[in-house]
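Heads up, the thing below is written out as structure tokens.
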Amino acid sequence: MSGPAADDRAPTSHERQAGQHWDASYHDGPAPWDIGEPQPAIVRLAAEGGFTGVVLDAGCGTGENALHVAALGLPVLGVDVAETALAIAREKAAARGVEAEFATADAFRLDRLGRVFGTVLDCGLFHTFDAGERRRYVASLAAVTGPGAVLHVLCFADTGPENGRGPHPVSRDDLTAAFTPGTGWHVTAVTPERILTRFDPDGPPAWLARIERL
Ligand SMILES: C[S@@+](CC[C@H](N)C(=O)[O-])C[C@H]1O[C@@H](n2cnc3c(N)ncnc32)[C@H](O)[C@@H]1O
């Protein structure tokens with residue numbers, strides 16, 4: 001599998017399954033999850049004050065959620081491994097006059113950013129990881145957050161139809177099992193939600209988890 005030249009990471013389980021680098025998802029028009037606006041669940045979360053401090057959007061794609069939060073006046077960094085998605089996100093930021101940063105980074109090596117965040121958003125990334133990848137990701141998130149930081153995970157739930165559950169459907173128990181106090185995290189709420197897609201405007205069932213850094 002070939003990827004961008006600067007990409008020194010091993011393919012993820014999803015990339016191996018799909019047989020292509022994540023970047024390829026953005027080559028031929030919008031990807032299924034790329035709905036051209038922020039996810040309604042994230043808009044509600046933002047309206048309720050769910051984002052504070054410097055915000056990291058892990059696996060930001062073309063940046064709709066990051067740009068929504070940035071437009072509220074918060075400093076936001078969106079990171080992704082897909083250069084094409086990041087280029088689109090930067091174009092949108094410039095066209096909308098919204099100040100937001102977008103950078104190439106591997107979610108398993110967030111420590112390389114050398115930065116610390118008050119809130120982390122994961123919209124559709126966690127559910128692409130298998131169990132081993134989740135462990136590495138959780139540790140990576142801990143490396144860029146301090147006590148009191150909040151992580152929001154919006155992921156496909158295991159309760160939806162089989163073709164709407166994403167690569168690795170997530171149960172409530174999966175969330176609490178991944179973010180145990182031993183990992184430096186504590187799940188404070190898991191709420192039923194929806195993730196809209198281009199093919200399902202009502203969106204398959206999802207979980208919105210609020211997870212606090214200990
Ligand atoms: C399902 S998409 C969701 C994109 C965006 N959050 C949204 O809601 O439109 C998952 C995103 O995670 C990115 N991604 C996958 N593995 C990654 C990794 N190891 N590090 C950083 N980003 C990753 C993909 O390139 C893709 O843009």
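Letters A, B, ... go to the chains of the structure tokens in the order shown; residues in each chain start at 1; ligands are counted from 1 in the same order.
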Subject >> Near-ligand residues for ligand 1, threshold 6 Å, only C-alpha atoms and all ligand atoms, as a ChimeraX atom specification >> reply: /A:22,33-34,59-61,80-82,105-108,123-125
Keeping N, CA and C atoms, export the residues of the selection given above as a PDB file, in the first residue's frame.
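Result file follows (again_11.pdb):
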```pdb
ATOM      1  N   TRP A  22      -5.608   6.026   3.963  1.00  0.00           N
ATOM      2  CA  TRP A  22      -6.753   6.896   4.257  1.00  0.00           C
ATOM      3  C   TRP A  22      -6.894   8.018   3.240  1.00  0.00           C
ATOM      4  N   TRP A  33     -18.579   9.933   5.040  1.00  0.00           N
ATOM      5  CA  TRP A  33     -18.762  10.645   6.304  1.00  0.00           C
ATOM      6  C   TRP A  33     -18.623  12.156   6.163  1.00  0.00           C
ATOM      7  N   ASP A  34     -18.220  12.600   4.975  1.00  0.00           N
ATOM      8  CA  ASP A  34     -17.885  14.007   4.777  1.00  0.00           C
ATOM      9  C   ASP A  34     -19.137  14.759   4.327  1.00  0.00           C
ATOM     10  N   GLY A  59      -8.088  13.211  13.851  1.00  0.00           N
ATOM     11  CA  GLY A  59      -8.730  12.615  12.673  1.00  0.00           C
ATOM     12  C   GLY A  59      -9.787  13.565  12.146  1.00  0.00           C
ATOM     13  N   CYS A  60      -9.357  14.797  11.876  1.00  0.00           N
ATOM     14  CA  CYS A  60     -10.303  15.898  11.585  1.00  0.00           C
ATOM     15  C   CYS A  60     -10.911  15.822  10.199  1.00  0.00           C
ATOM     16  N   GLY A  61     -10.350  15.009   9.301  1.00  0.00           N
ATOM     17  CA  GLY A  61     -10.874  14.960   7.931  1.00  0.00           C
ATOM     18  C   GLY A  61     -10.820  16.329   7.279  1.00  0.00           C
ATOM     19  N   ASP A  80      -4.606  14.951  11.051  1.00  0.00           N
ATOM     20  CA  ASP A  80      -5.052  13.809  10.261  1.00  0.00           C
ATOM     21  C   ASP A  80      -3.834  13.250   9.528  1.00  0.00           C
ATOM     22  N   VAL A  81      -3.974  12.016   9.022  1.00  0.00           N
ATOM     23  CA  VAL A  81      -2.917  11.426   8.200  1.00  0.00           C
ATOM     24  C   VAL A  81      -3.210  11.617   6.713  1.00  0.00           C
ATOM     25  N   ALA A  82      -4.393  12.141   6.385  1.00  0.00           N
ATOM     26  CA  ALA A  82      -4.790  12.308   4.980  1.00  0.00           C
ATOM     27  C   ALA A  82      -4.496  13.738   4.532  1.00  0.00           C
ATOM     28  N   ALA A 105      -0.513  14.563  11.394  1.00  0.00           N
ATOM     29  CA  ALA A 105      -0.014  13.884  12.595  1.00  0.00           C
ATOM     30  C   ALA A 105      -0.708  12.539  12.726  1.00  0.00           C
ATOM     31  N   ASP A 106       0.046  11.597  13.277  1.00  0.00           N
ATOM     32  CA  ASP A 106      -0.475  10.250  13.517  1.00  0.00           C
ATOM     33  C   ASP A 106      -1.110  10.224  14.907  1.00  0.00           C
ATOM     34  N   ALA A 107      -2.355   9.791  14.978  1.00  0.00           N
ATOM     35  CA  ALA A 107      -3.068   9.755  16.263  1.00  0.00           C
ATOM     36  C   ALA A 107      -2.381   8.855  17.289  1.00  0.00           C
ATOM     37  N   PHE A 108      -1.520   7.946  16.827  1.00  0.00           N
ATOM     38  CA  PHE A 108      -0.794   7.074  17.762  1.00  0.00           C
ATOM     39  C   PHE A 108       0.469   7.736  18.299  1.00  0.00           C
ATOM     40  N   CYS A 123     -14.227  12.466  16.270  1.00  0.00           N
ATOM     41  CA  CYS A 123     -15.488  12.221  15.566  1.00  0.00           C
ATOM     42  C   CYS A 123     -15.209  11.193  14.468  1.00  0.00           C
ATOM     43  N   GLY A 124     -15.460   9.945  14.777  1.00  0.00           N
ATOM     44  CA  GLY A 124     -15.334   8.912  13.750  1.00  0.00           C
ATOM     45  C   GLY A 124     -13.964   8.281  13.620  1.00  0.00           C
ATOM     46  N   LEU A 125     -13.069   8.537  14.568  1.00  0.00           N
ATOM     47  CA  LEU A 125     -11.734   7.918  14.486  1.00  0.00           C
ATOM     48  C   LEU A 125     -11.647   6.660  15.348  1.00  0.00           C
TER      49      LEU A 125
END
```
**OP:** With a distance cut-off of 7 Å and only C-alpha atoms, select the neighbouring residues of Ala93 of chain A, excluding the residue or stretch itself and same-chain residues fewer than 6 positions from it, and output the selection as an MDAnalysis selection string.
**Re:** chainID A and resid 67 99:100
Selected residues written out with C-alpha atoms, as a PDB file, in the first residue's frame:
```pdb
ATOM      1  CA  LEU A  67     -14.008  24.837  11.889  1.00  0.00           C
ATOM      2  CA  GLU A  99      -8.682  30.828  12.078  1.00  0.00           C
ATOM      3  CA  ALA A 100      -7.824  27.153  12.630  1.00  0.00           C
TER       4      ALA A 100
END
```
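Considering the residues A:Gln20, A:Thr52, A:Thr180, A:Thr119 and counting only C-alpha atoms, Gly78 of chain A has its shortest atom-to-atom contact with A:Thr119.
Nearest to Phe117 of chain A of all the residues A:Gly63, A:Pro147, A:Pro201, A:Pro40 is A:Pro147, based on only C-alpha atoms.
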Subject >> DSSP helix (DSSP H, G or I) residues within chain A, listed as a VMD selection string >> reply: chain A and resid 13 to 18 22 to 26 40 to 47 64 to 71 83 to 96 107 to 113 126 to 128 131 to 142 162 to 164 172 to 178 181 to 183
Based on the selection just made, write C-alpha atoms of those residues as a compact mmCIF listing (two decimals), in the first residue's frame.
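Dumped to part.txt:
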```txt
# COMPACT_ATOMS: atom_id res chain seq x y z
CA SER A 13 -6.21 -2.16 10.60
CA HIS A 14 -8.73 -0.12 8.61
CA GLU A 15 -6.23 0.67 5.87
CA ARG A 16 -5.24 -3.00 5.64
CA GLN A 17 -8.92 -3.97 5.47
CA ALA A 18 -9.69 -1.32 2.83
CA TRP A 22 -6.75 6.90 4.26
CA ASP A 23 -5.82 9.67 1.85
CA ALA A 24 -7.41 7.75 -1.05
CA SER A 25 -10.85 8.19 0.59
CA TYR A 26 -10.63 11.88 -0.28
CA PRO A 40 -25.34 17.96 14.63
CA ALA A 41 -24.18 16.11 17.78
CA ILE A 42 -21.00 18.22 17.79
CA VAL A 43 -22.94 21.44 17.18
CA ARG A 44 -25.14 20.65 20.21
CA LEU A 45 -22.10 19.76 22.29
CA ALA A 46 -20.42 23.04 21.39
CA ALA A 47 -23.58 25.01 22.20
CA GLU A 64 -16.10 20.76 9.42
CA ASN A 65 -16.22 20.03 13.16
CA ALA A 66 -12.91 21.78 13.86
CA LEU A 67 -14.01 24.84 11.89
CA HIS A 68 -17.31 24.98 13.76
CA VAL A 69 -15.51 25.03 17.11
CA ALA A 70 -12.91 27.52 15.83
CA ALA A 71 -15.68 29.84 14.62
CA GLU A 83 -2.99 15.21 3.30
CA THR A 84 -5.80 15.69 0.79
CA ALA A 85 -8.35 16.14 3.59
CA LEU A 86 -6.06 18.61 5.37
CA ALA A 87 -5.61 20.65 2.17
CA ILE A 88 -9.41 20.86 1.80
CA ALA A 89 -9.75 21.87 5.47
CA ARG A 90 -7.20 24.68 5.02
CA GLU A 91 -9.01 25.90 1.90
CA LYS A 92 -12.32 26.01 3.78
CA ALA A 93 -10.74 27.89 6.69
CA ALA A 94 -9.33 30.50 4.30
CA ALA A 95 -12.60 30.80 2.32
CA ARG A 96 -14.65 31.22 5.52
CA ALA A 107 -3.07 9.76 16.26
CA PHE A 108 -0.79 7.07 17.76
CA ARG A 109 2.08 9.57 18.11
CA LEU A 110 0.39 12.75 19.32
CA ASP A 111 3.34 13.28 21.70
CA ARG A 112 5.27 14.42 18.63
CA LEU A 113 3.09 17.56 18.56
CA PHE A 126 -11.97 5.63 17.54
CA HIS A 127 -14.34 3.25 15.73
CA THR A 128 -11.77 2.68 12.98
CA ALA A 131 -8.45 -3.38 20.28
CA GLY A 132 -4.66 -3.11 20.10
CA GLU A 133 -4.82 0.20 18.26
CA ARG A 134 -7.28 1.57 20.82
CA ARG A 135 -4.76 0.90 23.61
CA ARG A 136 -2.03 2.80 21.75
CA TYR A 137 -4.41 5.63 20.88
CA VAL A 138 -5.63 6.04 24.48
CA ALA A 139 -2.00 6.32 25.67
CA SER A 140 -1.23 8.79 22.88
CA LEU A 141 -4.19 10.97 23.92
CA ALA A 142 -2.97 10.89 27.52
CA GLU A 162 -24.77 -4.26 10.30
CA ASN A 163 -23.85 -2.05 7.32
CA GLY A 164 -23.96 1.14 9.45
CA ARG A 172 -20.79 0.97 25.79
CA ASP A 173 -18.56 -1.59 27.50
CA ASP A 174 -15.86 -1.12 24.83
CA LEU A 175 -15.70 2.55 25.78
CA THR A 176 -15.39 1.96 29.51
CA ALA A 177 -12.93 -0.89 28.88
CA ALA A 178 -10.69 1.31 26.70
CA PRO A 181 -8.59 4.81 35.38
CA GLY A 182 -5.39 2.78 34.83
CA THR A 183 -5.01 4.50 31.43
```
Show me, as an mmCIF file with C-alpha atoms, in the first residue's frame, the residues that have an atom within 8 Å of Leu77 of chain A when counting only C-alpha atoms, minus same-chain residues fewer than 6 positions from it.
```
data_model
loop_
_atom_site.group_PDB
_atom_site.id
_atom_site.type_symbol
_atom_site.label_atom_id
_atom_site.label_comp_id
_atom_site.auth_asym_id
_atom_site.auth_seq_id
_atom_site.Cartn_x
_atom_site.Cartn_y
_atom_site.Cartn_z
ATOM 1 C CA VAL A 54 -7.029 24.659 23.278
ATOM 2 C CA VAL A 55 -8.929 22.076 21.239
ATOM 3 C CA LEU A 56 -7.494 19.106 19.340
ATOM 4 C CA ASP A 57 -9.625 17.442 16.637
ATOM 5 C CA ALA A 66 -12.907 21.779 13.864
ATOM 6 C CA ALA A 100 -7.824 27.153 12.630
ATOM 7 C CA GLU A 101 -4.655 25.120 12.313
ATOM 8 C CA PHE A 102 -4.478 21.852 10.382
ATOM 9 C CA ALA A 103 -1.449 19.567 10.531
#
```
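Between Gly203 of chain A and the candidates A:Pro32, A:Gly118, A:Gly19, A:Gly49, the tightest atom-to-atom separation, counting only C-alpha atoms, involves A:Pro32.
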Subject >> Distance query segment 148-156 of chain A at most 8 Å, only C-alpha atoms, self and fewer than 4 positions along chain excluded, as JSON, numbers by chain >> reply: {"A": [117, 118, 119, 120, 121, 122, 123, 124, 125, 126, 127, 160, 164, 165, 166, 169, 170, 194, 195, 204, 205, 206, 207, 208, 209, 210, 211, 212, 213, 214]}
Subject >> Residue list (strand (DSSP E or B), DSSP) for segment 9-168 of chain A, as a PyMOL selection string >> reply: chain A and resi 55-58+76-80+101-104+117-123+145-157
For the selection just defined, write its residues with C-alpha atoms to a file, as a CSV table (one decimal), in the first residue's frame.
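Saved to selection02.csv:
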```csv
chain,number,residue,atom,x,y,z
A,55,VAL,CA,-8.9,22.1,21.2
A,56,LEU,CA,-7.5,19.1,19.3
A,57,ASP,CA,-9.6,17.4,16.6
A,58,ALA,CA,-8.0,14.0,16.2
A,76,VAL,CA,-8.2,24.6,17.4
A,77,LEU,CA,-5.7,22.2,15.9
A,78,GLY,CA,-7.1,19.5,13.5
A,79,VAL,CA,-4.8,16.6,12.8
A,80,ASP,CA,-5.1,13.8,10.3
A,101,GLU,CA,-4.7,25.1,12.3
A,102,PHE,CA,-4.5,21.9,10.4
A,103,ALA,CA,-1.4,19.6,10.5
A,104,THR,CA,-0.3,16.1,9.5
A,117,PHE,CA,-4.9,20.4,24.9
A,118,GLY,CA,-7.9,21.2,27.2
A,119,THR,CA,-10.4,19.4,25.0
A,120,VAL,CA,-10.0,16.6,22.4
A,121,LEU,CA,-12.6,15.8,19.8
A,122,ASP,CA,-12.7,12.4,18.1
A,123,CYS,CA,-15.5,12.2,15.6
A,145,THR,CA,-3.6,16.2,27.9
A,146,GLY,CA,-3.4,17.0,31.6
A,147,PRO,CA,-5.7,16.4,34.6
A,148,GLY,CA,-9.2,17.8,34.0
A,149,ALA,CA,-9.0,17.7,30.2
A,150,VAL,CA,-12.0,16.3,28.4
A,151,LEU,CA,-12.2,14.0,25.5
A,152,HIS,CA,-15.4,13.7,23.4
A,153,VAL,CA,-15.8,10.5,21.3
A,154,LEU,CA,-18.6,10.3,18.7
A,155,CYS,CA,-18.5,6.8,17.3
A,156,PHE,CA,-20.8,4.3,15.6
A,157,ALA,CA,-22.6,2.1,18.1
```
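The gap separating atom CA of Ser171 of chain A from atom CA of Gly184 of chain A is 20.3 Å, in Å to one decimal.
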Original post:
Which value, in Å to one decimal, gives the distance between atom CA of Ala143 of chain A and atom CA of Asp158 of chain A?
Top reply: 28.4 Å
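Atom CA of Arg198 of chain A sits 12.5 Å away from atom CA of Pro38 of chain A.
With only C-alpha atoms as the basis for measurement, A:Asp130 is the residue among A:Thr197, A:Asp130, A:His21, A:Arg9 that approaches His168 of chain A most closely.
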